[in-house]
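J.: Have a look at this one.
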Amino acid sequence: MGFIGILLGLAVLIYLAFRGASILILAPIAGLIAAAFAGAPLLASWTQTFMPNAADFVAQFFPLFLLGAIFGKLMEDSGSVTSIANFMTVKLGTQRAILAVVLAGAIVTYGGVSLFVAFFVLAPMGIALFRSAGVPRRLMPAAIALGTSTFTMSAMPGTPSIQNAIPMPFFGTTPFAAPGLGIIASIIMLSFGMWWLKRRENAARARGEGFGAFTAGDSESVEVATENPIVRERATTSGTFDPAEIEHSEEAGKGPSILLAALPIIVVIAVNLAMSFLILPRMDTSFLALPEWGGVSLSAVGGVWSVIVALLAAIITVIIINFRSVPELRATLTAGANAAVLPILSVASLVGFGAIVASLPAFEDVRNWVLGIEGGPLVSLAVATNILAALTGSASGGLTIALDALGPTYMQIAHDIGMDPALMHRVAVIGSGTLDSLPHNGAVVTLLAVCGVTHKEGYLDIVMAGIVSAIIALVAVIALGSVLGSF
């Protein structure tokens, strides 16, 4: 009965979330359904299991959600994201429209700009560029997804994405875990995704297919998407920015030069690198072992600290550069701060649901099945993160649930067999960014909405550019890591 309860709870969560119900309501209900079938005390499951685990997630990662959302809003309202996208468009031209969109998305998201901020800035520009180049509109969501939601989210070493931060407390790693394997995975994702999209573009040109119908409503697609409550509910489980805050402040009429626009992104990368390898390792952090500081080691918090300082430095940089040009700085900061709240509470609720499931006796069978998957711990870890990300429609939620339940076990396995935890870190993150992009995923729903493309028109290309490319890269990382170890 306990296993049936887990399946039923998942089914309720998936079905009603897809229908647009709030995950804040669904997650505890689904968890209590699973607990009821297992005969567990319901109130205790909610207050003593669900809430402490959800609160722990907020305590660990709210600074990253908060600073990431503020930085993204500042980059948007200062016109910096637009300047970077315009620069890529001018340099690559309409003949390389797809590549221009992909690289613009990759640059801003690798630099710490929120996924959804990138969507809402790149989509209107992509419409104009694709229309001028005669590239079918239906390819635009996949191009944006390839640049924003694949290698810069899960593979590139040092990426400040929340997905790359989540494994750090579990494995004692840094944002630069397994950098060589991450770079190889990034090349595979980008190469395969571009090959597919270029192939589709060439086939469309051979048929005489152009951009498609262009209507006056195209310019309003962003506003329509931000006001859609279903888009908002789905989006906040798969990103770190609440789309409703996009319109709550004003963007500068003219963005900074490309050098000034890119400087905050360079700061994020440079400070993250310096904190991870130069500053924190030389600091005296012995005080962390004391009870009042949590009784932890630097490895448990150092990765998160590195990203926090990097984002803070970038926020200060973008404010200094654009202090006079951002129309309403206080409104921008407020919108960015507010944009972090619903996403972290939504993902924390998924974590609370996972904690209830992991506490049930029936979960032991699930754990044993996962650990018993043939191919070794890397394969079983990849399968676990894939499945949970797919079921929840959230890479961050699925990854946290998987590591909350199985992280200590995999860390012990790594210790026993002499495997570098950095390898598990990279496999787990890439694994969470594959099947999370199923049709019900909030990023997919939002991206299609802002591009004015339906699932029928654009989802196949998202699958190939965003899912298949990541799976190929994941297989390559597991194969190389199994033979050569972490590098």
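In the structure tokens, chains take the letters A, B, ... in the order shown, each chain's residues start at 1, and ligands count up from 1 in the order shown.
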Tell me, counting only C-alpha atoms, for each residue of range 81-167 of chain A within 8 Å of range 376-397 of chain A, which pair of atoms is nearest and how far apart they are in Å to one decimal, in rows ordered by chain and increasing number, as a Markdown table.

T.:
```
| residue | atom | partner | partner_atom | distance |
| --- | --- | --- | --- | --- |
| A:Ile162 | CA | A:Ser396 | CA | 6.9 |
| A:Gln163 | CA | A:Ser396 | CA | 5.3 |
| A:Ile166 | CA | A:Ser396 | CA | 7.5 |
```

J.: I want to know what sits within 8 Å of range 101-118 of chain A, based on only C-alpha atoms, with residues of the same chain fewer than 3 positions away left out; could you give that as a PyMOL selection string?

T.: chain A and resi 68-69+71-73+75-76+81+84-85+88-89+97-98+121-122+126+143-149+152-153+156+159-161+239-243+246+264-266+268-269+311+443

J.: Please dump the current selection as a short mmCIF file (atom, residue, chain, number, x, y, z; two decimals), in the first residue's frame; keep N, CA and C atoms.

T.:
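selection_8.cif, freshly written:
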```cif
data_model
loop_
_atom_site.label_atom_id
_atom_site.label_comp_id
_atom_site.auth_asym_id
_atom_site.auth_seq_id
_atom_site.Cartn_x
_atom_site.Cartn_y
_atom_site.Cartn_z
N GLY A 68 20.44 36.07 -7.55
CA GLY A 68 20.31 35.78 -8.97
C GLY A 68 19.17 36.54 -9.61
N ALA A 69 18.03 36.63 -8.91
CA ALA A 69 16.88 37.35 -9.45
C ALA A 69 17.14 38.85 -9.52
N PHE A 71 20.11 40.32 -9.77
CA PHE A 71 21.09 40.53 -10.83
C PHE A 71 20.43 40.46 -12.21
N GLY A 72 19.57 39.47 -12.40
CA GLY A 72 18.89 39.34 -13.67
C GLY A 72 18.02 40.55 -13.99
N LYS A 73 17.32 41.05 -12.98
CA LYS A 73 16.45 42.22 -13.21
C LYS A 73 17.27 43.47 -13.50
N MET A 75 20.23 43.50 -14.93
CA MET A 75 20.78 43.33 -16.28
C MET A 75 19.72 43.60 -17.34
N GLU A 76 18.47 43.25 -17.02
CA GLU A 76 17.38 43.53 -17.96
C GLU A 76 17.07 45.02 -18.01
N VAL A 81 21.34 43.07 -21.17
CA VAL A 81 21.02 41.85 -21.90
C VAL A 81 20.69 42.19 -23.35
N ILE A 84 23.91 42.96 -25.29
CA ILE A 84 24.65 41.75 -25.63
C ILE A 84 23.98 41.02 -26.80
N ALA A 85 22.66 40.91 -26.74
CA ALA A 85 21.94 40.24 -27.82
C ALA A 85 22.08 41.02 -29.13
N MET A 88 25.54 40.39 -30.64
CA MET A 88 25.66 39.09 -31.31
C MET A 88 24.93 39.11 -32.65
N THR A 89 23.80 39.79 -32.69
CA THR A 89 23.03 39.86 -33.94
C THR A 89 23.81 40.61 -35.01
N ALA A 97 21.35 33.54 -37.95
CA ALA A 97 20.34 33.98 -36.99
C ALA A 97 20.22 33.01 -35.82
N ILE A 98 20.19 31.72 -36.11
CA ILE A 98 20.05 30.73 -35.04
C ILE A 98 21.24 30.79 -34.11
N VAL A 121 13.66 38.72 -22.81
CA VAL A 121 14.42 39.69 -23.60
C VAL A 121 14.74 39.14 -24.99
N LEU A 122 15.12 37.85 -25.04
CA LEU A 122 15.55 37.27 -26.31
C LEU A 122 14.40 36.99 -27.26
N GLY A 126 14.46 37.74 -31.06
CA GLY A 126 14.51 36.58 -31.93
C GLY A 126 13.45 36.63 -33.01
N ALA A 143 16.05 27.23 -30.32
CA ALA A 143 17.31 27.98 -30.34
C ALA A 143 17.55 28.67 -28.99
N ILE A 144 16.51 29.27 -28.44
CA ILE A 144 16.64 29.93 -27.13
C ILE A 144 16.92 28.90 -26.05
N ALA A 145 16.22 27.77 -26.10
CA ALA A 145 16.43 26.71 -25.11
C ALA A 145 17.85 26.17 -25.16
N LEU A 146 18.38 25.97 -26.36
CA LEU A 146 19.74 25.45 -26.49
C LEU A 146 20.74 26.39 -25.84
N GLY A 147 20.56 27.68 -26.02
CA GLY A 147 21.51 28.64 -25.46
C GLY A 147 21.35 28.88 -23.98
N THR A 148 20.14 28.73 -23.46
CA THR A 148 19.89 29.12 -22.06
C THR A 148 19.69 27.96 -21.10
N SER A 149 19.24 26.81 -21.62
CA SER A 149 18.74 25.75 -20.72
C SER A 149 19.49 24.43 -20.83
N THR A 152 24.86 25.77 -20.41
CA THR A 152 25.15 26.83 -19.44
C THR A 152 24.41 26.59 -18.13
N MET A 153 23.42 25.73 -18.13
CA MET A 153 22.70 25.40 -16.91
C MET A 153 23.36 24.25 -16.16
N MET A 156 28.69 23.66 -18.13
CA MET A 156 29.83 24.58 -18.13
C MET A 156 30.38 24.75 -16.72
N THR A 159 29.31 27.63 -13.81
CA THR A 159 28.03 28.27 -14.03
C THR A 159 27.32 28.54 -12.70
N PRO A 160 26.79 29.75 -12.50
CA PRO A 160 26.13 30.07 -11.24
C PRO A 160 24.67 29.61 -11.17
N SER A 161 24.25 28.72 -12.05
CA SER A 161 22.87 28.23 -12.02
C SER A 161 22.59 27.51 -10.71
N GLY A 239 12.48 27.55 -12.46
CA GLY A 239 13.42 28.65 -12.61
C GLY A 239 13.56 29.41 -11.31
N THR A 240 14.36 30.46 -11.33
CA THR A 240 14.62 31.24 -10.13
C THR A 240 14.04 32.64 -10.23
N PHE A 241 13.07 32.83 -11.14
CA PHE A 241 12.51 34.16 -11.35
C PHE A 241 11.02 34.05 -11.62
N ASP A 242 10.25 34.83 -10.89
CA ASP A 242 8.80 34.87 -11.07
C ASP A 242 8.47 35.77 -12.26
N PRO A 243 7.91 35.22 -13.35
CA PRO A 243 7.65 36.04 -14.55
C PRO A 243 6.75 37.23 -14.30
N ILE A 246 8.40 40.68 -14.24
CA ILE A 246 9.06 41.24 -15.43
C ILE A 246 8.58 42.66 -15.71
N PRO A 264 29.73 42.98 -16.00
CA PRO A 264 29.20 42.24 -14.84
C PRO A 264 29.25 40.73 -15.01
N ILE A 265 29.08 40.25 -16.24
CA ILE A 265 29.17 38.82 -16.50
C ILE A 265 30.60 38.32 -16.28
N ILE A 266 31.56 39.12 -16.74
CA ILE A 266 32.97 38.77 -16.52
C ILE A 266 33.28 38.76 -15.02
N VAL A 268 31.17 38.03 -12.57
CA VAL A 268 30.61 36.81 -11.99
C VAL A 268 31.58 35.65 -12.16
N ILE A 269 32.07 35.45 -13.36
CA ILE A 269 32.95 34.32 -13.65
C ILE A 269 34.27 34.45 -12.90
N LEU A 311 27.88 36.87 -7.29
CA LEU A 311 26.66 37.59 -7.67
C LEU A 311 26.60 38.96 -7.00
N ALA A 443 9.55 25.90 -17.88
CA ALA A 443 10.39 26.65 -18.83
C ALA A 443 9.90 26.43 -20.26
#
```

J.: Tell me, which residues of range 100-161 of chain A carry DSSP helix (DSSP H, G or I), written as a PyMOL selection string?

T.: chain A and resi 100-110+115-133+137-148+151-154

J.: Would you kindly return, as a PyMOL selection string, each protein, DNA or RNA residue with an atom no farther than 9 Å from any atom of Leu333 in chain A, considering only C-alpha atoms and excluding same-chain residues fewer than 5 positions away?

T.: chain A and resi 70-71+73-74+249+328+338

J.: Residues near Pro63 in chain A, anyone? I mean within 9 Å using only C-alpha atoms, not counting same-chain ones fewer than 5 positions away, as a ChimeraX atom specification.

T.: /A:58,68,304,308

J.: Would you save the residues of that selection, restricted to N, CA, C and O atoms, as a PDB file, in the first residue's frame?

T.:
```
ATOM      1  N   VAL A  58      15.286  26.310   1.769  1.00  0.00           N
ATOM      2  CA  VAL A  58      15.233  27.775   1.742  1.00  0.00           C
ATOM      3  C   VAL A  58      16.461  28.354   2.442  1.00  0.00           C
ATOM      4  O   VAL A  58      17.097  29.295   1.951  1.00  0.00           O
ATOM      5  N   GLY A  68      20.441  36.072  -7.554  1.00  0.00           N
ATOM      6  CA  GLY A  68      20.308  35.779  -8.975  1.00  0.00           C
ATOM      7  C   GLY A  68      19.166  36.543  -9.613  1.00  0.00           C
ATOM      8  O   GLY A  68      19.293  37.066 -10.727  1.00  0.00           O
ATOM      9  N   VAL A 304      28.583  27.416  -2.222  1.00  0.00           N
ATOM     10  CA  VAL A 304      27.501  28.404  -2.180  1.00  0.00           C
ATOM     11  C   VAL A 304      28.056  29.789  -1.878  1.00  0.00           C
ATOM     12  O   VAL A 304      27.638  30.788  -2.476  1.00  0.00           O
ATOM     13  N   ILE A 308      27.580  33.266  -4.043  1.00  0.00           N
ATOM     14  CA  ILE A 308      26.990  34.438  -3.383  1.00  0.00           C
ATOM     15  C   ILE A 308      27.869  35.670  -3.585  1.00  0.00           C
ATOM     16  O   ILE A 308      27.399  36.749  -3.980  1.00  0.00           O
TER      17      ILE A 308
END
```
